[in-house]
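Peer 1: Handing over data_36.cif, mmCIF, C-alpha atoms.
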data_work
loop_
_atom_site.label_atom_id
_atom_site.label_comp_id
_atom_site.auth_asym_id
_atom_site.auth_seq_id
_atom_site.Cartn_x
_atom_site.Cartn_y
_atom_site.Cartn_z
CA MET I 259 -1.47 -21.04 23.71
CA ALA I 260 1.39 -18.63 24.25
CA SER I 261 1.25 -16.13 27.12
CA LYS I 262 0.90 -12.43 26.40
CA SER I 263 4.58 -11.96 27.13
CA GLN I 264 5.56 -14.41 24.40
CA ALA I 265 7.66 -13.01 21.58
CA ALA I 266 8.27 -14.31 18.07
CA SER I 267 10.90 -13.96 15.39
CA PHE I 268 9.40 -13.39 11.95
CA TYR I 269 11.66 -14.13 8.99
CA ASP I 270 11.44 -13.39 5.32
CA LEU I 271 13.08 -16.36 3.62
CA GLU I 272 14.69 -15.78 0.24
CA GLY I 273 17.57 -13.33 0.37
CA THR I 274 17.28 -13.27 4.16
CA LEU I 275 17.98 -16.82 5.35
CA VAL I 276 18.97 -18.31 1.98
CA SER I 277 20.62 -16.82 -1.11
CA THR I 278 18.08 -18.20 -3.57
CA ASN I 279 14.92 -16.53 -4.84
CA LEU I 280 11.72 -17.49 -6.67
CA VAL I 281 13.49 -17.46 -10.03
CA HIS I 282 15.96 -20.13 -8.88
CA THR I 283 13.04 -22.36 -7.87
CA LEU I 284 11.27 -21.88 -11.19
CA GLY I 285 14.51 -22.56 -13.05
CA PHE I 286 14.93 -25.83 -11.14
CA TYR I 287 11.44 -27.03 -12.07
CA ALA I 288 11.94 -25.91 -15.68
CA ARG I 289 15.09 -28.04 -15.96
CA ARG I 290 13.12 -31.06 -14.73
CA GLN I 291 10.56 -30.76 -17.52
CA GLN I 292 12.34 -32.98 -20.04
CA GLY I 293 9.75 -35.70 -20.69
CA LEU I 294 7.58 -34.34 -23.50
CA LEU I 295 8.03 -31.94 -26.40
CA THR I 296 5.49 -29.53 -24.93
CA THR I 297 7.26 -29.37 -21.58
CA ILE I 298 10.63 -28.93 -23.27
CA ARG I 299 9.22 -25.97 -25.20
CA LYS I 300 7.80 -24.56 -21.99
CA SER I 301 11.15 -24.99 -20.25
CA VAL I 302 12.95 -23.06 -22.97
CA GLY I 303 10.34 -20.31 -22.80
CA THR I 304 10.59 -20.14 -19.03
CA VAL I 305 14.37 -19.90 -18.97
CA ALA I 306 14.21 -17.14 -21.59
CA LYS I 307 11.91 -15.16 -19.31
CA LEU I 308 14.15 -15.31 -16.23
CA PRO I 309 15.89 -11.93 -16.71
CA MET I 310 12.48 -10.29 -17.24
CA PHE I 311 11.27 -11.75 -13.94
CA GLY I 312 14.18 -10.14 -12.15
CA LEU I 313 13.40 -6.73 -13.63
CA THR I 314 9.69 -7.04 -12.86
CA ASP I 315 10.44 -7.88 -9.22
CA LEU I 316 12.48 -4.69 -8.89
CA TYR I 317 9.50 -2.70 -10.19
CA SER I 318 6.68 -4.14 -8.08
CA ARG I 319 6.39 -7.26 -5.97
CA ASN I 320 2.65 -7.54 -6.62
CA VAL I 321 3.08 -7.18 -10.40
CA PHE I 322 5.89 -9.71 -10.19
CA ASN I 323 3.67 -12.24 -8.40
CA GLU I 324 0.82 -11.83 -10.88
CA TYR I 325 3.14 -12.35 -13.86
CA PHE I 326 5.61 -14.84 -12.41
CA PHE I 327 3.31 -17.58 -11.14
CA GLN I 328 1.60 -17.86 -14.53
CA SER I 329 4.68 -19.89 -15.48
CA TYR I 330 3.40 -22.76 -13.33
CA LYS I 331 0.13 -23.02 -15.26
CA GLY I 332 -0.54 -26.62 -16.29
CA GLU I 333 1.95 -28.15 -13.84
CA SER I 334 0.62 -31.05 -11.78
CA LEU I 335 0.62 -30.85 -8.00
CA ASP I 336 1.99 -34.39 -7.80
CA ARG I 337 4.96 -33.51 -10.01
CA LEU I 338 5.79 -30.35 -8.08
CA ARG I 339 5.63 -32.16 -4.75
CA TYR I 340 7.69 -35.03 -6.14
CA PHE I 341 10.58 -32.71 -6.96
CA SER I 342 10.33 -30.59 -3.78
CA GLU I 343 12.77 -32.75 -1.80
CA GLU I 344 15.23 -32.69 -4.70
CA LEU I 345 14.82 -28.91 -4.87
CA PHE I 346 15.70 -28.70 -1.18
CA GLU I 347 18.77 -30.92 -1.44
CA GLU I 348 20.18 -29.47 -4.67
CA VAL I 349 19.18 -25.80 -4.53
CA LEU I 350 17.88 -24.58 -1.18
CA LYS I 351 20.02 -26.42 1.38
CA PRO I 352 23.34 -25.36 -0.23
CA ALA I 353 22.02 -21.78 -0.37
CA ILE I 354 21.46 -21.41 3.39
CA PHE I 355 23.57 -18.51 4.59
CA ASP I 356 26.43 -19.33 6.95
CA GLY I 357 24.92 -17.29 9.77
CA THR I 358 21.34 -18.57 9.47
CA ALA I 359 21.57 -21.52 11.88
CA ASP I 360 23.27 -19.41 14.54
CA LEU I 361 20.66 -16.66 14.25
CA ILE I 362 17.80 -19.12 14.67
CA ALA I 363 19.57 -20.88 17.55
CA LYS I 364 20.03 -17.59 19.41
CA SER I 365 16.42 -16.66 18.83
CA LYS I 366 15.23 -20.02 20.14
CA LYS I 367 17.42 -19.58 23.21
CA LEU I 368 15.45 -16.42 23.94
CA GLY I 369 12.27 -18.48 23.80
CA HIS I 370 10.93 -16.89 20.63
CA ILE I 371 8.47 -18.70 18.37
CA GLN I 372 10.12 -19.12 14.96
CA VAL I 373 7.93 -17.97 12.06
CA VAL I 374 8.75 -17.74 8.34
CA VAL I 375 6.57 -15.43 6.25
CA THR I 376 7.47 -15.85 2.59
CA GLY I 377 6.27 -15.22 -0.92
CA ALA I 378 7.75 -18.55 -2.02
CA LEU I 379 5.49 -21.52 -2.70
CA ASP I 380 4.42 -23.72 0.19
CA PHE I 381 5.51 -27.07 -1.25
CA SER I 382 8.96 -25.70 -2.10
CA VAL I 383 9.76 -24.30 1.36
CA GLU I 384 8.29 -26.99 3.61
CA PRO I 385 11.44 -29.19 3.67
CA LEU I 386 13.63 -26.13 4.22
CA CYS I 387 11.55 -24.88 7.16
CA ASP I 388 11.60 -28.35 8.70
CA TYR I 389 15.38 -28.47 8.34
CA LEU I 390 15.83 -25.03 9.92
CA GLY I 391 13.58 -25.90 12.87
CA ILE I 392 10.94 -23.29 12.06
CA ASP I 393 7.81 -23.62 14.22
CA VAL I 394 5.33 -21.97 11.85
CA TYR I 395 5.51 -20.91 8.23
CA VAL I 396 3.13 -19.22 5.84
CA ALA I 397 3.80 -19.18 2.11
CA ASN I 398 2.06 -18.59 -1.18
CA ARG I 399 -0.21 -21.32 -2.50
CA LEU I 400 -0.94 -22.09 -6.12
CA GLU I 401 -4.53 -22.69 -7.15
CA PHE I 402 -5.02 -26.22 -8.51
CA VAL I 403 -8.03 -27.49 -10.46
CA ASN I 404 -8.26 -31.25 -10.96
CA GLY I 405 -4.66 -31.51 -9.78
CA TYR I 406 -3.20 -28.96 -12.22
CA ALA I 407 -2.06 -25.40 -11.54
CA THR I 408 -4.14 -22.58 -13.01
CA GLY I 409 -1.27 -20.09 -12.75
CA ARG I 410 -3.06 -18.12 -10.05
CA LEU I 411 -2.33 -17.78 -6.35
CA LEU I 412 -4.85 -18.43 -3.62
CA PRO I 413 -5.44 -15.52 -1.25
CA PRO I 414 -3.92 -14.17 0.85
CA VAL I 415 -0.98 -13.46 -1.46
CA MET I 416 2.13 -13.11 0.69
CA ALA I 417 3.77 -9.88 -0.44
CA SER I 418 4.42 -6.43 0.98
CA ALA I 419 1.64 -5.21 3.29
CA THR I 420 -0.12 -8.59 3.26
CA LYS I 421 2.76 -10.06 5.25
CA ALA I 422 2.29 -7.42 7.93
CA LYS I 423 -1.46 -8.06 8.03
CA TRP I 424 -0.88 -11.80 8.44
CA ILE I 425 1.62 -11.18 11.27
CA ARG I 426 -0.84 -8.92 13.11
CA GLU I 427 -3.58 -11.54 12.85
CA PHE I 428 -1.21 -14.32 13.92
CA ALA I 429 -0.02 -12.28 16.90
CA GLU I 430 -3.58 -11.56 17.97
CA ARG I 431 -4.59 -15.20 17.64
CA GLU I 432 -1.54 -16.58 19.45
CA ASN I 433 -1.16 -13.77 22.03
CA ILE I 434 2.21 -12.72 20.65
CA ASN I 435 3.62 -9.43 21.93
CA LEU I 436 4.75 -7.64 18.78
CA SER I 437 6.63 -4.96 20.71
CA LYS I 438 8.91 -7.70 22.07
CA SER I 439 9.16 -9.51 18.74
CA TYR I 440 11.75 -9.39 15.95
CA ALA I 441 11.37 -9.29 12.18
CA TYR I 442 14.11 -10.00 9.66
CA SER I 443 14.20 -9.16 5.95
CA ASP I 444 16.59 -8.20 3.16
CA SER I 445 14.16 -6.14 1.07
CA ILE I 446 12.47 -2.74 1.22
CA SER I 447 9.34 -4.54 0.00
CA ASP I 448 9.03 -5.90 3.56
CA LEU I 449 9.06 -2.46 5.17
CA ALA I 450 5.54 -2.92 6.56
CA MET I 451 6.49 -6.24 8.14
CA LEU I 452 9.59 -4.75 9.74
CA SER I 453 7.75 -1.69 11.01
CA ILE I 454 5.14 -3.50 13.13
CA VAL I 455 7.57 -5.19 15.52
CA GLY I 456 9.64 -3.72 18.30
CA HIS I 457 12.89 -5.07 16.89
CA PRO I 458 13.21 -4.80 13.09
CA VAL I 459 16.42 -6.18 11.59
CA ALA I 460 17.72 -5.57 8.08
CA VAL I 461 19.51 -8.73 6.93
CA ASN I 462 21.83 -8.58 3.91
CA PRO I 463 19.77 -5.49 3.02
CA ASP I 464 19.23 -4.02 -0.42
CA PHE I 465 20.28 -0.37 -0.85
CA ARG I 466 16.91 1.17 0.04
CA LEU I 467 16.40 -0.99 3.10
CA LYS I 468 19.92 -0.31 4.32
CA GLN I 469 19.33 3.44 4.06
CA THR I 470 16.01 3.08 5.91
CA ALA I 471 17.64 0.98 8.64
CA LEU I 472 20.38 3.55 9.11
CA GLN I 473 17.85 6.39 9.31
CA HIS I 474 15.79 4.59 11.95
CA ASP I 475 18.72 3.07 13.84
CA TRP I 476 17.58 -0.48 13.11
CA ALA I 477 19.95 -3.40 13.53
CA ILE I 478 21.74 -4.56 10.36
CA LEU I 479 23.00 -8.12 9.97
CA ASP I 480 25.04 -9.86 7.31
CA LEU I 481 24.49 -13.63 7.43
CA ARG I 482 26.57 -14.39 4.34
#
Go through the file and emit its structure as structure tokens.

Peer 2:
Amino acid sequence: MASKSQAASFYDLEGTLVSTNLVHTLGFYARRQQGLLTTIRKSVGTVAKLPMFGLTDLYSRNVFNEYFFQSYKGESLDRLRYFSEELFEEVLKPAIFDGTADLIAKSKKLGHIQVVVTGALDFSVEPLCDYLGIDVYVANRLEFVNGYATGRLLPPVMASATKAKWIREFAERENINLSKSYAYSDSISDLAMLSIVGHPVAVNPDFRLKQTALQHDWAILDLR
């Protein structure tokens, strides 16, 4: 167990360490659904929805999650896991920002535990986290019944304030000193997560987060 002086670096993933987002992942799986007429129809419907997903995410991350993950309803766990390595090689690995590896290397040199806290799906980010040398990751998990997705997420749903709650509980359990720890995100939706550590960092920030970072004299990084 870590000592009380141990610090951690907590990272959002999509938009922070990689340029992709949840819509890119869904689009990848939709393009792989070519086997049956029903899955082809579903793929076409999914692709047609992609712009709507982007608009919904701007409105509310929680509303986005509730609507977005319904698109996975009926997908088999085996099929999703089967394509996860291909997703990593074709979509996620090429999307890693140029400065990501250096940021993680510097953080490790300081002795920080590396933690990813993401709203992406667990099976889609596992290969990426392994590749980046992340010690711990927590991600959203689809509910499966008899091996098929129901379209719902299992709690806790990683979004907004829930990320901050998870970090607090993790820090308490692992004796992490949050005042010595860092948090990195690109989005104002992660304001709670950034606010609970001693060293919040806005990475490739959206407009609202950049303004908040400037107001509070937080560090701003561009990893692109």

Peer 1: For a quick check of understanding, using all atoms listed in the file, which of I:Ser342, I:Met451, I:Ala378, I:Trp424 has the smallest distance to I:Leu271?

Peer 2: I:Ala378

Peer 1: Edge lengths and centre, in Å to one decimal, as lines of an AutoDock Vina configuration file: that's what I need for the box along x, y and z that holds all listed atoms of stretch 416-423 of chain I plus 4 Å on each side.

Peer 2:
center_x = 1.5
center_y = -9.2
center_z = 3.8
size_x = 13.9
size_y = 15.9
size_z = 16.5

Peer 1: Care to translate the PyMOL selection byres ((chain I and resi 351) around 12) into actual residues of this file, as a VMD selection string?

Peer 2: chain I and resid 272 275 to 278 342 to 350 352 to 356 358 to 359 382 to 390

Peer 1: Nearest to I:Tyr340: which of I:Lys438, I:Lys423, I:Lys367, I:Arg290 is it, counting all atoms listed in the file?

Peer 2: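 For I:Tyr340, the nearest of the candidates is I:Arg290.
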
Peer 1: Distance atom CA of I:Phe341-atom CA of I:Thr408, one decimal place?

Peer 2: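 Between these atoms lies a distance of 18.9 Å.
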
Peer 1: Can you tell me how far atom CA of I:Phe286 sits from atom CA of I:Thr274, in Å to one decimal?

Peer 2: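 Between atom CA of I:Phe286 and atom CA of I:Thr274 the gap works out to 19.9 Å.
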
Peer 1: Please evaluate the PyMOL selection byres ((chain I and resi 439) around 12) against the displayed coordinates and give the resulting residues as a ChimeraX atom specification.

Peer 2: /I:262-269,365,368-373,425-426,429,433-438,440-442,451-459

Peer 1: Rounded to one decimal in Å, what is the spacing between atom CA of I:Asp393 and atom CA of I:Phe381?

Peer 2: 16.0 Å

Peer 1: Rank I:Ala407, I:Leu479, I:Ile446, I:Val375 by their smallest atom-to-atom distance to I:Phe465, using only C-alpha atoms, and report the top residue only.

Peer 2: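 Of all the options, I:Ile446 lies closest to I:Phe465.
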
Peer 1: What does the PyMOL selection byres ((chain I and resi 404) around 12) select in this file, as a ChimeraX atom specification?

Peer 2: /I:332-336,401-403,405-408

Peer 1: Would you mind telling me which residue in I:Arg431, I:Ile478, I:Ile392, I:Asp380 lies nearest to I:Lys366 when using only C-alpha atoms?

Peer 2: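 Checking each candidate against I:Lys366, we get I:Ile392 as the closest.
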
Peer 1: For I:Tyr395, which of I:Val374, I:Leu379, I:Val461, I:Val415 is the closest residue, counting only C-alpha atoms?

Peer 2: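 Among I:Val374, I:Leu379, I:Val461, I:Val415, it is I:Val374 that comes nearest to I:Tyr395.
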
Peer 1: Could you check which of I:Asp480, I:Asp270, I:Phe327, I:Asn462 is closest to I:Lys421, using only C-alpha atoms?

Peer 2: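 Once distances to I:Lys421 are computed over only C-alpha atoms, the minimum belongs to I:Asp270.
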
Peer 1: Using the block above, I'd like stretch 390-460 of chain I written out, keeping C-alpha atoms and formatting it as a PDB file, in the first residue's frame.

Peer 2:
ATOM      1  CA  LEU I 390       0.623   3.795 -22.152  1.00  0.00           C
ATOM      2  CA  GLY I 391       1.874   2.126 -18.966  1.00  0.00           C
ATOM      3  CA  ILE I 392      -1.091   3.185 -16.840  1.00  0.00           C
ATOM      4  CA  ASP I 393      -1.103   1.554 -13.391  1.00  0.00           C
ATOM      5  CA  VAL I 394      -4.847   1.755 -12.706  1.00  0.00           C
ATOM      6  CA  TYR I 395      -7.838   2.607 -14.845  1.00  0.00           C
ATOM      7  CA  VAL I 396     -11.550   2.893 -14.221  1.00  0.00           C
ATOM      8  CA  ALA I 397     -14.007   3.068 -17.098  1.00  0.00           C
ATOM      9  CA  ASN I 398     -17.672   2.630 -17.861  1.00  0.00           C
ATOM     10  CA  ARG I 399     -19.041  -0.901 -18.049  1.00  0.00           C
ATOM     11  CA  LEU I 400     -21.936  -2.084 -20.149  1.00  0.00           C
ATOM     12  CA  GLU I 401     -24.525  -4.319 -18.554  1.00  0.00           C
ATOM     13  CA  PHE I 402     -24.662  -7.739 -20.240  1.00  0.00           C
ATOM     14  CA  VAL I 403     -27.407 -10.344 -19.853  1.00  0.00           C
ATOM     15  CA  ASN I 404     -26.666 -13.802 -21.235  1.00  0.00           C
ATOM     16  CA  GLY I 405     -23.660 -12.323 -23.025  1.00  0.00           C
ATOM     17  CA  TYR I 406     -25.535  -9.497 -24.795  1.00  0.00           C
ATOM     18  CA  ALA I 407     -25.562  -5.784 -23.985  1.00  0.00           C
ATOM     19  CA  THR I 408     -28.782  -4.316 -22.604  1.00  0.00           C
ATOM     20  CA  GLY I 409     -27.796  -0.778 -23.603  1.00  0.00           C
ATOM     21  CA  ARG I 410     -27.424   0.272 -19.979  1.00  0.00           C
ATOM     22  CA  LEU I 411     -24.320   1.081 -17.964  1.00  0.00           C
ATOM     23  CA  LEU I 412     -23.461  -0.533 -14.658  1.00  0.00           C
ATOM     24  CA  PRO I 413     -22.962   1.893 -11.772  1.00  0.00           C
ATOM     25  CA  PRO I 414     -20.971   3.887 -11.009  1.00  0.00           C
ATOM     26  CA  VAL I 415     -21.305   5.763 -14.304  1.00  0.00           C
ATOM     27  CA  MET I 416     -18.041   7.606 -14.919  1.00  0.00           C
ATOM     28  CA  ALA I 417     -19.052  11.172 -15.741  1.00  0.00           C
ATOM     29  CA  SER I 418     -18.756  14.600 -14.156  1.00  0.00           C
ATOM     30  CA  ALA I 419     -18.980  14.505 -10.346  1.00  0.00           C
ATOM     31  CA  THR I 420     -18.865  10.699 -10.247  1.00  0.00           C
ATOM     32  CA  LYS I 421     -15.248  10.820 -11.398  1.00  0.00           C
ATOM     33  CA  ALA I 422     -14.368  13.066  -8.473  1.00  0.00           C
ATOM     34  CA  LYS I 423     -16.188  10.772  -6.046  1.00  0.00           C
ATOM     35  CA  TRP I 424     -14.303   7.744  -7.377  1.00  0.00           C
ATOM     36  CA  ILE I 425     -10.967   9.576  -7.054  1.00  0.00           C
ATOM     37  CA  ARG I 426     -11.708  10.529  -3.439  1.00  0.00           C
ATOM     38  CA  GLU I 427     -12.569   6.936  -2.576  1.00  0.00           C
ATOM     39  CA  PHE I 428      -9.506   5.616  -4.397  1.00  0.00           C
ATOM     40  CA  ALA I 429      -7.257   8.115  -2.614  1.00  0.00           C
ATOM     41  CA  GLU I 430      -8.688   7.156   0.762  1.00  0.00           C
ATOM     42  CA  ARG I 431      -8.299   3.453   0.064  1.00  0.00           C
ATOM     43  CA  GLU I 432      -4.750   3.723  -1.294  1.00  0.00           C
ATOM     44  CA  ASN I 433      -3.521   6.504   1.030  1.00  0.00           C
ATOM     45  CA  ILE I 434      -3.017   8.931  -1.842  1.00  0.00           C
ATOM     46  CA  ASN I 435      -2.352  12.552  -0.918  1.00  0.00           C
ATOM     47  CA  LEU I 436      -4.690  14.514  -3.166  1.00  0.00           C
ATOM     48  CA  SER I 437      -3.074  17.844  -2.332  1.00  0.00           C
ATOM     49  CA  LYS I 438       0.153  16.532  -3.893  1.00  0.00           C
ATOM     50  CA  SER I 439      -1.621  14.888  -6.818  1.00  0.00           C
ATOM     51  CA  TYR I 440      -2.318  16.058 -10.373  1.00  0.00           C
ATOM     52  CA  ALA I 441      -5.415  15.791 -12.544  1.00  0.00           C
ATOM     53  CA  TYR I 442      -5.549  16.311 -16.300  1.00  0.00           C
ATOM     54  CA  SER I 443      -8.583  16.924 -18.503  1.00  0.00           C
ATOM     55  CA  ASP I 444      -9.673  18.739 -21.656  1.00  0.00           C
ATOM     56  CA  SER I 445     -13.303  19.345 -20.679  1.00  0.00           C
ATOM     57  CA  ILE I 446     -15.270  21.586 -18.331  1.00  0.00           C
ATOM     58  CA  SER I 447     -17.366  18.496 -17.555  1.00  0.00           C
ATOM     59  CA  ASP I 448     -14.390  17.308 -15.464  1.00  0.00           C
ATOM     60  CA  LEU I 449     -14.292  20.451 -13.322  1.00  0.00           C
ATOM     61  CA  ALA I 450     -15.071  18.484 -10.144  1.00  0.00           C
ATOM     62  CA  MET I 451     -12.233  16.052 -10.844  1.00  0.00           C
ATOM     63  CA  LEU I 452      -9.779  18.880 -11.444  1.00  0.00           C
ATOM     64  CA  SER I 453     -10.867  20.808  -8.366  1.00  0.00           C
ATOM     65  CA  ILE I 454     -10.128  18.093  -5.783  1.00  0.00           C
ATOM     66  CA  VAL I 455      -6.392  17.829  -6.442  1.00  0.00           C
ATOM     67  CA  GLY I 456      -3.616  20.214  -5.568  1.00  0.00           C
ATOM     68  CA  HIS I 457      -2.402  20.458  -9.155  1.00  0.00           C
ATOM     69  CA  PRO I 458      -5.191  20.660 -11.763  1.00  0.00           C
ATOM     70  CA  VAL I 459      -4.055  20.850 -15.389  1.00  0.00           C
ATOM     71  CA  ALA I 460      -6.182  21.824 -18.376  1.00  0.00           C
TER      72      ALA I 460
END
